[in-house]
Amino acid sequence: MDIFTLILLSISLAMDCFAVSVARAAISKKLIWGGILFTAFMFGLFQGGMPLLGFYIGFEFIDQIREYDHWIALAILTMIGGKMIYDDLKHDFHPGDSDYDDVDSDNPYSIPVVLLLSVATSIDALATGFVFLSYPESIFDGVIIICIGSFVMSILGSLLGHYIGRMINFKFNLIAGVILILIGVKIVVEHCCM
């Protein structure tokens, strides 16, 4: 597999990471570099790790996982997105309120949330390892490029989301929750149409 194809594959796999990063960073009114870098690192690690795992597990297990991987991703994203929507509707915070920046219940960079999002956005990448079974010499190059692509796209998405969140006073938690659920639906639709 040539380098250009690997880069295109990396970008397409990173689009969910980009969208989730935009949505999650729009919630935060502060530029939290530690959270952004941690999220980008975890997204890159999981996006690159899943194809590697799929490659080593092989055809038989991939076929079994493929039957329900999209439902797992939808369930995780709906659960997180639903909680975000609930929290946004329950807490009517506005920029300038004294409690606005101290809402721990919806920390976009908490370890459990980042881990769940990392799994949810990368579970469909597990099947990408199936592609590399025909190109075993490209698996390690592919994993590195996928990791870097997801890392970079996550940072870009976080920066874009942060600046959108600062410019527009809107219920971004609600929007982020809807986006996560729609990403889950997109994964299911893509799976059903394949």
# chains A, B, ... in the order shown; residues from 1 in each chain; ligands from 1
$ residues_around --residues "Ile76 in chain A" --least-positions-apart "6" --cutoff "8 Å" --atoms "only C-alpha atoms" --output "VMD selection string"
chain A and resid 116 to 117 120
$ residues_around --residues "Gly142 in chain A" --least-positions-apart "2" --cutoff "9 Å" --atoms "only C-alpha atoms" --output "PyMOL selection string"
chain A and resi 1+3+6-7+9-10+48+51-52+132+138-140+144-147
$ residues_around --residues "Val20 in chain A" --least-positions-apart "4" --cutoff "9 Å" --atoms "only C-alpha atoms" --output "count of residues only"
13
$ residues_around --residues "range 64-74 of chain A" --least-positions-apart "5" --cutoff "10 Å" --atoms "only C-alpha atoms" --output "PDB file with N, CA and C atoms, in the first residue's frame"
ATOM      1  N   GLY A  54      -6.888  -5.557  14.823  1.00  0.00           N
ATOM      2  CA  GLY A  54      -7.651  -6.269  13.796  1.00  0.00           C
ATOM      3  C   GLY A  54      -6.767  -7.093  12.884  1.00  0.00           C
ATOM      4  N   PHE A  59      -9.096 -12.787  10.055  1.00  0.00           N
ATOM      5  CA  PHE A  59     -10.378 -12.813   9.359  1.00  0.00           C
ATOM      6  C   PHE A  59     -11.533 -13.299  10.230  1.00  0.00           C
ATOM      7  N   MET A  79     -24.810   7.069  24.809  1.00  0.00           N
ATOM      8  CA  MET A  79     -24.753   7.211  26.259  1.00  0.00           C
ATOM      9  C   MET A  79     -24.030   8.512  26.651  1.00  0.00           C
ATOM     10  N   ILE A  80     -22.889   8.761  26.045  1.00  0.00           N
ATOM     11  CA  ILE A  80     -22.141   9.982  26.357  1.00  0.00           C
ATOM     12  C   ILE A  80     -22.901  11.208  25.857  1.00  0.00           C
ATOM     13  N   LEU A 116     -13.721   6.505  26.904  1.00  0.00           N
ATOM     14  CA  LEU A 116     -14.930   6.035  26.218  1.00  0.00           C
ATOM     15  C   LEU A 116     -15.016   6.587  24.796  1.00  0.00           C
ATOM     16  N   LEU A 117     -14.695   7.862  24.636  1.00  0.00           N
ATOM     17  CA  LEU A 117     -14.716   8.457  23.298  1.00  0.00           C
ATOM     18  C   LEU A 117     -13.647   7.838  22.397  1.00  0.00           C
ATOM     19  N   VAL A 119     -12.526   4.764  22.507  1.00  0.00           N
ATOM     20  CA  VAL A 119     -13.030   3.452  22.068  1.00  0.00           C
ATOM     21  C   VAL A 119     -14.140   3.637  21.039  1.00  0.00           C
ATOM     22  N   ALA A 120     -15.088   4.530  21.348  1.00  0.00           N
ATOM     23  CA  ALA A 120     -16.251   4.699  20.478  1.00  0.00           C
ATOM     24  C   ALA A 120     -15.867   5.192  19.090  1.00  0.00           C
ATOM     25  N   THR A 121     -14.917   6.130  19.007  1.00  0.00           N
ATOM     26  CA  THR A 121     -14.551   6.679  17.697  1.00  0.00           C
ATOM     27  C   THR A 121     -13.615   5.755  16.922  1.00  0.00           C
ATOM     28  N   SER A 122     -13.015   4.783  17.604  1.00  0.00           N
ATOM     29  CA  SER A 122     -12.039   3.934  16.918  1.00  0.00           C
ATOM     30  C   SER A 122     -12.509   2.502  16.699  1.00  0.00           C
ATOM     31  N   ILE A 123     -13.641   2.123  17.263  1.00  0.00           N
ATOM     32  CA  ILE A 123     -14.032   0.723  17.171  1.00  0.00           C
ATOM     33  C   ILE A 123     -14.281   0.289  15.729  1.00  0.00           C
ATOM     34  N   ASP A 124     -14.774   1.218  14.912  1.00  0.00           N
ATOM     35  CA  ASP A 124     -14.976   0.862  13.505  1.00  0.00           C
ATOM     36  C   ASP A 124     -13.648   0.730  12.762  1.00  0.00           C
ATOM     37  N   ALA A 125     -12.562   1.284  13.337  1.00  0.00           N
ATOM     38  CA  ALA A 125     -11.235   1.160  12.722  1.00  0.00           C
ATOM     39  C   ALA A 125     -10.665  -0.248  12.901  1.00  0.00           C
ATOM     40  N   LEU A 126     -11.275  -1.030  13.800  1.00  0.00           N
ATOM     41  CA  LEU A 126     -10.833  -2.409  14.006  1.00  0.00           C
ATOM     42  C   LEU A 126     -10.871  -3.175  12.687  1.00  0.00           C
ATOM     43  N   ALA A 127     -11.924  -2.955  11.925  1.00  0.00           N
ATOM     44  CA  ALA A 127     -12.070  -3.653  10.646  1.00  0.00           C
ATOM     45  C   ALA A 127     -11.031  -3.215   9.622  1.00  0.00           C
ATOM     46  N   LEU A 180     -22.339  13.701  18.841  1.00  0.00           N
ATOM     47  CA  LEU A 180     -21.853  12.365  19.212  1.00  0.00           C
ATOM     48  C   LEU A 180     -22.865  11.294  18.816  1.00  0.00           C
ATOM     49  N   ILE A 181     -24.141  11.563  19.085  1.00  0.00           N
ATOM     50  CA  ILE A 181     -25.177  10.587  18.718  1.00  0.00           C
ATOM     51  C   ILE A 181     -25.233  10.419  17.202  1.00  0.00           C
ATOM     52  N   LEU A 182     -25.122  11.527  16.460  1.00  0.00           N
ATOM     53  CA  LEU A 182     -25.149  11.451  14.999  1.00  0.00           C
ATOM     54  C   LEU A 182     -23.944  10.691  14.442  1.00  0.00           C
ATOM     55  N   ILE A 183     -22.791  10.829  15.089  1.00  0.00           N
ATOM     56  CA  ILE A 183     -21.623  10.051  14.663  1.00  0.00           C
ATOM     57  C   ILE A 183     -21.905   8.563  14.852  1.00  0.00           C
ATOM     58  N   GLY A 184     -22.522   8.213  15.981  1.00  0.00           N
ATOM     59  CA  GLY A 184     -22.906   6.819  16.210  1.00  0.00           C
ATOM     60  C   GLY A 184     -23.873   6.319  15.155  1.00  0.00           C
ATOM     61  N   VAL A 185     -24.867   7.141  14.808  1.00  0.00           N
ATOM     62  CA  VAL A 185     -25.835   6.778  13.766  1.00  0.00           C
ATOM     63  C   VAL A 185     -25.132   6.622  12.421  1.00  0.00           C
ATOM     64  N   LYS A 186     -24.181   7.537  12.129  1.00  0.00           N
ATOM     65  CA  LYS A 186     -23.413   7.468  10.870  1.00  0.00           C
ATOM     66  C   LYS A 186     -22.650   6.149  10.775  1.00  0.00           C
ATOM     67  N   ILE A 187     -22.057   5.719  11.886  1.00  0.00           N
ATOM     68  CA  ILE A 187     -21.311   4.455  11.899  1.00  0.00           C
ATOM     69  C   ILE A 187     -22.255   3.297  11.572  1.00  0.00           C
ATOM     70  N   VAL A 188     -23.455   3.303  12.176  1.00  0.00           N
ATOM     71  CA  VAL A 188     -24.428   2.237  11.912  1.00  0.00           C
ATOM     72  C   VAL A 188     -24.898   2.260  10.456  1.00  0.00           C
ATOM     73  N   VAL A 189     -25.211   3.467   9.942  1.00  0.00           N
ATOM     74  CA  VAL A 189     -25.676   3.588   8.554  1.00  0.00           C
ATOM     75  C   VAL A 189     -24.601   3.126   7.581  1.00  0.00           C
ATOM     76  N   GLU A 190     -23.341   3.549   7.807  1.00  0.00           N
ATOM     77  CA  GLU A 190     -22.242   3.122   6.937  1.00  0.00           C
ATOM     78  C   GLU A 190     -22.105   1.620   6.948  1.00  0.00           C
ATOM     79  N   HIS A 191     -22.262   1.023   8.131  1.00  0.00           N
ATOM     80  CA  HIS A 191     -22.135  -0.430   8.245  1.00  0.00           C
ATOM     81  C   HIS A 191     -23.269  -1.134   7.481  1.00  0.00           C
ATOM     82  N   CYS A 192     -24.476  -0.630   7.634  1.00  0.00           N
ATOM     83  CA  CYS A 192     -25.641  -1.260   6.994  1.00  0.00           C
ATOM     84  C   CYS A 192     -25.633  -1.098   5.485  1.00  0.00           C
TER      85      CYS A 192
END
$ closest_residue --among "A:Ile27, A:Leu45, A:Ile32, A:Val22" --to "Ile85 in chain A" --atoms "only C-alpha atoms"
A:Ile27
$ atom_distance --atom1 "CA of Cys17 in chain A" --atom2 "CA of Ser110 in chain A"
16.1 Å
$ residues_around --residues "Ser150 in chain A" --least-positions-apart "6" --cutoff "8 Å" --atoms "only C-alpha atoms" --output "PDB file with all heavy atoms, in the first residue's frame"
ATOM      1  N   SER A  10      -5.733   7.426   6.785  1.00  0.00           N
ATOM      2  CA  SER A  10      -5.551   8.080   8.077  1.00  0.00           C
ATOM      3  C   SER A  10      -6.516   9.248   8.251  1.00  0.00           C
ATOM      4  O   SER A  10      -7.143   9.402   9.307  1.00  0.00           O
ATOM      5  CB  SER A  10      -4.109   8.570   8.207  1.00  0.00           C
ATOM      6  OG  SER A  10      -3.941   9.344   9.359  1.00  0.00           O
ATOM      7  N   ILE A  11      -6.647  10.067   7.217  1.00  0.00           N
ATOM      8  CA  ILE A  11      -7.535  11.233   7.293  1.00  0.00           C
ATOM      9  C   ILE A  11      -8.985  10.790   7.454  1.00  0.00           C
ATOM     10  O   ILE A  11      -9.730  11.334   8.278  1.00  0.00           O
ATOM     11  CB  ILE A  11      -7.364  12.136   6.057  1.00  0.00           C
ATOM     12  CG1 ILE A  11      -5.985  12.803   6.094  1.00  0.00           C
ATOM     13  CG2 ILE A  11      -8.467  13.188   5.987  1.00  0.00           C
ATOM     14  CD1 ILE A  11      -5.603  13.519   4.818  1.00  0.00           C
ATOM     15  N   LEU A  13     -10.136   7.996   8.722  1.00  0.00           N
ATOM     16  CA  LEU A  13     -10.337   7.436  10.057  1.00  0.00           C
ATOM     17  C   LEU A  13     -10.345   8.527  11.123  1.00  0.00           C
ATOM     18  O   LEU A  13     -10.990   8.385  12.162  1.00  0.00           O
ATOM     19  CB  LEU A  13      -9.246   6.411  10.383  1.00  0.00           C
ATOM     20  CG  LEU A  13      -9.332   5.068   9.660  1.00  0.00           C
ATOM     21  CD1 LEU A  13      -8.127   4.207  10.004  1.00  0.00           C
ATOM     22  CD2 LEU A  13     -10.625   4.335  10.002  1.00  0.00           C
ATOM     23  N   ALA A  14      -9.623   9.624  10.864  1.00  0.00           N
ATOM     24  CA  ALA A  14      -9.508  10.697  11.850  1.00  0.00           C
ATOM     25  C   ALA A  14     -10.701  11.653  11.854  1.00  0.00           C
ATOM     26  O   ALA A  14     -10.809  12.493  12.750  1.00  0.00           O
ATOM     27  CB  ALA A  14      -8.227  11.487  11.606  1.00  0.00           C
ATOM     28  N   MET A  15     -11.612  11.541  10.896  1.00  0.00           N
ATOM     29  CA  MET A  15     -12.715  12.503  10.817  1.00  0.00           C
ATOM     30  C   MET A  15     -13.639  12.447  12.026  1.00  0.00           C
ATOM     31  O   MET A  15     -14.121  13.485  12.494  1.00  0.00           O
ATOM     32  CB  MET A  15     -13.511  12.308   9.521  1.00  0.00           C
ATOM     33  CG  MET A  15     -12.735  12.670   8.262  1.00  0.00           C
ATOM     34  SD  MET A  15     -11.732  14.186   8.337  1.00  0.00           S
ATOM     35  CE  MET A  15     -12.966  15.432   8.551  1.00  0.00           C
ATOM     36  N   CYS A  17     -12.666  11.623  15.025  1.00  0.00           N
ATOM     37  CA  CYS A  17     -11.878  12.263  16.087  1.00  0.00           C
ATOM     38  C   CYS A  17     -11.959  13.783  15.954  1.00  0.00           C
ATOM     39  O   CYS A  17     -12.094  14.492  16.958  1.00  0.00           O
ATOM     40  CB  CYS A  17     -10.413  11.831  16.005  1.00  0.00           C
ATOM     41  SG  CYS A  17     -10.147  10.083  16.272  1.00  0.00           S
ATOM     42  N   PHE A  18     -11.861  14.269  14.729  1.00  0.00           N
ATOM     43  CA  PHE A  18     -11.937  15.705  14.467  1.00  0.00           C
ATOM     44  C   PHE A  18     -13.291  16.254  14.916  1.00  0.00           C
ATOM     45  O   PHE A  18     -13.365  17.251  15.640  1.00  0.00           O
ATOM     46  CB  PHE A  18     -11.723  15.967  12.976  1.00  0.00           C
ATOM     47  CG  PHE A  18     -11.821  17.416  12.594  1.00  0.00           C
ATOM     48  CD1 PHE A  18     -10.751  18.277  12.793  1.00  0.00           C
ATOM     49  CD2 PHE A  18     -12.980  17.925  12.032  1.00  0.00           C
ATOM     50  CE1 PHE A  18     -10.827  19.619  12.440  1.00  0.00           C
ATOM     51  CE2 PHE A  18     -13.076  19.261  11.675  1.00  0.00           C
ATOM     52  CZ  PHE A  18     -12.001  20.105  11.882  1.00  0.00           C
ATOM     53  N   ALA A  40      -5.946  14.053  22.194  1.00  0.00           N
ATOM     54  CA  ALA A  40      -5.342  13.772  20.885  1.00  0.00           C
ATOM     55  C   ALA A  40      -4.457  12.528  20.955  1.00  0.00           C
ATOM     56  O   ALA A  40      -4.481  11.686  20.043  1.00  0.00           O
ATOM     57  CB  ALA A  40      -4.528  14.980  20.418  1.00  0.00           C
ATOM     58  N   PHE A  43      -6.801   9.464  21.233  1.00  0.00           N
ATOM     59  CA  PHE A  43      -7.455   9.211  19.952  1.00  0.00           C
ATOM     60  C   PHE A  43      -6.470   8.586  18.972  1.00  0.00           C
ATOM     61  O   PHE A  43      -6.800   7.632  18.266  1.00  0.00           O
ATOM     62  CB  PHE A  43      -8.032  10.508  19.376  1.00  0.00           C
ATOM     63  CG  PHE A  43      -9.357  10.919  19.969  1.00  0.00           C
ATOM     64  CD1 PHE A  43      -9.952  10.208  20.994  1.00  0.00           C
ATOM     65  CD2 PHE A  43     -10.011  12.037  19.488  1.00  0.00           C
ATOM     66  CE1 PHE A  43     -11.171  10.584  21.530  1.00  0.00           C
ATOM     67  CE2 PHE A  43     -11.237  12.430  20.010  1.00  0.00           C
ATOM     68  CZ  PHE A  43     -11.816  11.697  21.033  1.00  0.00           C
ATOM     69  N   GLY A  44      -5.251   9.140  18.903  1.00  0.00           N
ATOM     70  CA  GLY A  44      -4.235   8.589  18.013  1.00  0.00           C
ATOM     71  C   GLY A  44      -3.866   7.166  18.381  1.00  0.00           C
ATOM     72  O   GLY A  44      -3.756   6.287  17.515  1.00  0.00           O
ATOM     73  N   GLN A  47      -6.935   4.902  17.524  1.00  0.00           N
ATOM     74  CA  GLN A  47      -7.163   4.809  16.079  1.00  0.00           C
ATOM     75  C   GLN A  47      -6.079   3.969  15.409  1.00  0.00           C
ATOM     76  O   GLN A  47      -6.363   3.230  14.473  1.00  0.00           O
ATOM     77  CB  GLN A  47      -7.205   6.204  15.442  1.00  0.00           C
ATOM     78  CG  GLN A  47      -8.468   6.970  15.696  1.00  0.00           C
ATOM     79  CD  GLN A  47      -9.669   6.460  14.920  1.00  0.00           C
ATOM     80  OE1 GLN A  47      -9.549   5.618  14.034  1.00  0.00           O
ATOM     81  NE2 GLN A  47     -10.829   6.953  15.264  1.00  0.00           N
TER      82      GLN A  47
END
$ residues_around --residues "Val178 in chain A" --least-positions-apart "6" --cutoff "10 Å" --atoms "only C-alpha atoms" --output "PyMOL selection string"
chain A and resi 23+77-78+80-82+84-85+172+184
$ closest_residue --among "A:Met153, A:Cys193, A:Leu174, A:Ala26" --to "Tyr86 in chain A" --atoms "only C-alpha atoms"
A:Leu174
$ closest_residue --among "A:Phe151, A:Trp33, A:Phe46, A:Tyr56" --to "Leu115 in chain A" --atoms "only C-alpha atoms"
A:Phe46
$ closest_residue --among "A:Gly165, A:Pro136, A:Gly58, A:Leu160" --to "Ala19 in chain A" --atoms "only C-alpha atoms"
A:Leu160
$ select_by_dssp --residues "range 4-179 of chain A" --states "helix (DSSP H, G or I)" --output "PyMOL selection string"
chain A and resi 4-27+33-57+59-66+69-90+100-102+104-106+111-132+136-167+172-179
